[in-house]
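Novice: Would you mind keeping the following structure in view while I ask a few things?
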Amino acid sequence: MTDTKPSMSADQSMQIIKEMINKARFNFSRASFYFILWGTLLIGAALFEFYMGHIVESQWAYVAWPVVGMMGGIASFVFGARSERKEALTHLDRVYAGIWITYFATLALFLIGSVSQHINPGSQVMVLTGFPTFLTGFVLRFRPLIIGGCGFWVLGFASLFILKDYGSLIFAVSIVQGYLIPGLLMRNIKRDHV
Amino acid sequence: MFSRLDPLLHSPLRLAVMSLLISVEKADFNFLKEKTESTAGNLSVQITKLEQAGYVAVTKGYKGKRPHTSCQITPKGEKAFEAYVNSINNYINPSK
């Protein structure tokens, strides 16, 4: 685009405004990276825990959680820093960031408390994860995340009462429906109303 | 009665920059360059004009070792943009 045109018509001005506002919309493709990354890592950790805990019967079944936590944290930080260099901060980006920062801060405190009290936090983590997932779907008007958030609540609540021995597998299923499937659906989305 | 269009905004690149900035909280210089498909030199000149008019606030600094420039629309810029859009709407739909 140059600035040498002597004059523009009102229609041309409106066209530029619409085109630029469209270009500055929330980047679904970028947001999908986090859901796919964390979805894959958490499913891997849950399956590892189930295999080590129920089949190998190892006492080290939990070890995958801090490992994937660190891997996901580093990958998210690097990706976020790279995206920031070539993107703009939209108003929705700020809301989106606020929701997930609140969640991670709450989750960190909750996990530290649970582990120090020797309580398995799986069910409660699922219920807690329903909150940011549902809210993100609601704000972005993206139904798969709304359904995923509800799925976290249902599966988390159900896992408190049934199939306690299969908590890791239920957790993996909750992540598939709440993170991985919405993330994959979100990847190529182009929306005109957010 | 048609109101006079703000000459500062009635130019393709400056209008494009303002339209992008009205949609975001702040934007990197490279983001604006990419989205407006302009050259760095031309974009820089136009942003300076918008900054001098008080429509845009420019922050220059470093991210790591790389120089970094970010731009943000000011309240004065928001008002000017809104007035410009209203005027354009009057031209397009004079009966309204």
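The way I read the labels, and the way they are meant: chains A, B, ... in the order of the structure tokens, residue 1 as the first residue of every chain, and ligand 1 as the first ligand shown, with later ones counted on from there.
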So that I can see what lies close to segment 27-39 of chain A, please list as a list in words the residues with an atom at most 9 Å from it, counting only C-alpha atoms and leaving out residues fewer than 5 positions away in the same chain.
Specialist: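 The filter keeps Gly44, Val68, Gly69, Gly72, Ala75, Ser76, Phe79, Ser83, Asp93, Ala172, Ile175, Val176, Gly178, Tyr179, Leu180, Ile181, Pro182, Gly183, Leu184, Leu185, Met186, Arg187, Asn188, Ile189, Lys190 and Arg191 of chain A.
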Novice: With N, CA and C atoms retained, could you export that selection as a short mmCIF file (atom, residue, chain, number, x, y, z; two decimals), in the first residue's frame?
Specialist:
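Written out: out_27.cif:
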```cif
data_model
loop_
_atom_site.label_atom_id
_atom_site.label_comp_id
_atom_site.auth_asym_id
_atom_site.auth_seq_id
_atom_site.Cartn_x
_atom_site.Cartn_y
_atom_site.Cartn_z
N GLY A 44 -0.37 -37.80 26.71
CA GLY A 44 0.82 -38.66 26.85
C GLY A 44 1.12 -38.94 28.31
N VAL A 68 6.13 -33.10 31.57
CA VAL A 68 5.34 -32.45 30.51
C VAL A 68 4.98 -31.02 30.90
N GLY A 69 4.88 -30.77 32.20
CA GLY A 69 4.62 -29.40 32.66
C GLY A 69 5.74 -28.47 32.24
N GLY A 72 5.85 -28.25 28.26
CA GLY A 72 4.76 -27.39 27.77
C GLY A 72 5.01 -25.93 28.10
N ALA A 75 7.83 -24.63 25.76
CA ALA A 75 7.34 -24.51 24.36
C ALA A 75 6.35 -23.35 24.24
N SER A 76 5.47 -23.20 25.23
CA SER A 76 4.48 -22.11 25.18
C SER A 76 5.17 -20.76 25.24
N PHE A 79 7.01 -20.07 21.86
CA PHE A 79 6.02 -19.78 20.80
C PHE A 79 5.38 -18.41 21.02
N SER A 83 5.58 -15.26 18.47
CA SER A 83 4.35 -14.70 17.89
C SER A 83 4.23 -13.22 18.19
N ASP A 93 -7.25 -10.91 22.79
CA ASP A 93 -6.01 -11.55 23.29
C ASP A 93 -5.85 -11.29 24.78
N ALA A 172 -7.35 -38.60 30.33
CA ALA A 172 -6.92 -38.56 28.92
C ALA A 172 -8.11 -38.29 28.01
N ILE A 175 -9.15 -34.68 28.13
CA ILE A 175 -8.25 -33.80 27.37
C ILE A 175 -8.48 -33.93 25.87
N VAL A 176 -8.77 -35.14 25.41
CA VAL A 176 -9.06 -35.34 23.98
C VAL A 176 -10.26 -34.49 23.58
N GLY A 178 -11.68 -31.97 25.34
CA GLY A 178 -11.66 -30.57 25.78
C GLY A 178 -10.56 -29.73 25.16
N TYR A 179 -9.43 -30.35 24.83
CA TYR A 179 -8.30 -29.59 24.26
C TYR A 179 -8.01 -30.00 22.82
N LEU A 180 -7.78 -31.31 22.64
CA LEU A 180 -7.24 -31.76 21.35
C LEU A 180 -8.23 -31.56 20.20
N ILE A 181 -9.45 -32.05 20.36
CA ILE A 181 -10.43 -31.91 19.27
C ILE A 181 -10.75 -30.43 19.00
N PRO A 182 -11.05 -29.62 20.04
CA PRO A 182 -11.28 -28.18 19.75
C PRO A 182 -10.05 -27.51 19.13
N GLY A 183 -8.85 -27.89 19.58
CA GLY A 183 -7.62 -27.31 19.05
C GLY A 183 -7.47 -27.61 17.57
N LEU A 184 -7.74 -28.85 17.19
CA LEU A 184 -7.61 -29.23 15.78
C LEU A 184 -8.68 -28.54 14.93
N LEU A 185 -9.89 -28.42 15.47
CA LEU A 185 -10.96 -27.73 14.74
C LEU A 185 -10.67 -26.24 14.58
N MET A 186 -9.96 -25.69 15.59
CA MET A 186 -9.67 -24.26 15.63
C MET A 186 -8.55 -23.87 14.66
N ARG A 187 -7.71 -24.86 14.32
CA ARG A 187 -6.45 -24.56 13.62
C ARG A 187 -6.66 -23.81 12.30
N ASN A 188 -7.61 -24.24 11.51
CA ASN A 188 -7.78 -23.62 10.19
C ASN A 188 -8.97 -22.68 10.11
N ILE A 189 -9.45 -22.29 11.27
CA ILE A 189 -10.69 -21.51 11.27
C ILE A 189 -10.44 -20.07 10.80
N LYS A 190 -11.38 -19.56 10.03
CA LYS A 190 -11.35 -18.14 9.65
C LYS A 190 -12.73 -17.61 9.96
N ARG A 191 -12.79 -16.73 10.92
CA ARG A 191 -14.10 -16.26 11.37
C ARG A 191 -14.24 -14.78 11.10
#
```
Novice: Should the cut-off be 7 Å, what would the residue list for chain B against chain A look like, counting only C-alpha atoms, as a list in words?
Specialist: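 Residues passing the distance filter: Ser11, Pro12, Leu13, Ala16, Ser19, Leu20, Ser23, Val24, Glu25, Lys26, Ala27, Asp28, Asn30, Phe31, Lys35, Thr36, Glu37, Ser38, Ile88, Tyr91 and Ile92 of chain B.
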Novice: Save out the residues we just selected, C-alpha atoms, as a compact mmCIF listing (two decimals), in the first residue's frame.
Specialist:
```
# COMPACT_ATOMS: atom_id res chain seq x y z
CA SER B 11 -5.07 8.92 2.85
CA PRO B 12 -4.87 5.17 2.18
CA LEU B 13 -1.89 4.19 4.31
CA ALA B 16 -5.13 1.63 7.08
CA SER B 19 -8.05 1.03 11.17
CA LEU B 20 -5.59 -1.61 12.38
CA SER B 23 -8.89 -2.95 16.44
CA VAL B 24 -5.98 -3.82 18.72
CA GLU B 25 -4.53 -2.67 22.03
CA LYS B 26 -1.11 -2.14 20.52
CA ALA B 27 0.74 -3.28 17.44
CA ASP B 28 4.30 -3.93 16.48
CA ASN B 30 6.38 -5.14 11.64
CA PHE B 31 2.74 -6.16 12.12
CA LYS B 35 -0.79 -6.00 7.14
CA THR B 36 -0.66 -2.75 5.17
CA GLU B 37 1.81 -4.21 2.65
CA SER B 38 3.81 -1.00 2.77
CA ILE B 88 -17.72 8.62 5.43
CA TYR B 91 -21.17 10.42 2.17
CA ILE B 92 -22.19 6.83 1.45
```
Novice: Can you pull out every residue within 9 Å of Ala45 of chain A, counting only C-alpha atoms, but drop anything in the same chain fewer than 5 positions away, and send it as a PDB file with C-alpha atoms, in the first residue's frame?
Specialist:
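Wrote it out as around.pdb, contents follow:
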```pdb
ATOM      1  CA  THR A  40      -0.857 -33.926  23.244  1.00  0.00           C
ATOM      2  CA  PHE A  50      -1.870 -45.396  33.662  1.00  0.00           C
ATOM      3  CA  TYR A  62       3.567 -39.672  38.425  1.00  0.00           C
ATOM      4  CA  VAL A  63       6.934 -38.602  37.000  1.00  0.00           C
ATOM      5  CA  ALA A  64       5.533 -37.675  33.560  1.00  0.00           C
ATOM      6  CA  TRP A  65       3.479 -34.782  35.005  1.00  0.00           C
ATOM      7  CA  VAL A  67       8.214 -33.394  32.870  1.00  0.00           C
ATOM      8  CA  VAL A  68       5.340 -32.455  30.510  1.00  0.00           C
ATOM      9  CA  SER A 168      -5.767 -41.409  34.334  1.00  0.00           C
ATOM     10  CA  ALA A 172      -6.917 -38.558  28.924  1.00  0.00           C
TER      11      ALA A 172
END
```
Novice: Identify, on the basis of only C-alpha atoms, every residue whose closest approach to Gly77 of chain B does not exceed 10 Å; exclude the query and any residue fewer than 5 positions from it along the same chain; express the result as a VMD selection string.
Specialist: chain B and resid 9 18 21 to 22 50 to 51 53 to 57 72 82 to 83
Novice: Go through A:Ile101, A:Val56, A:Leu145, A:Val125 and flag the residue nearest Ser159 of chain A, using only C-alpha atoms for the distances.
Specialist: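 With only C-alpha atoms as the atom set, the closest residue is A:Val125.
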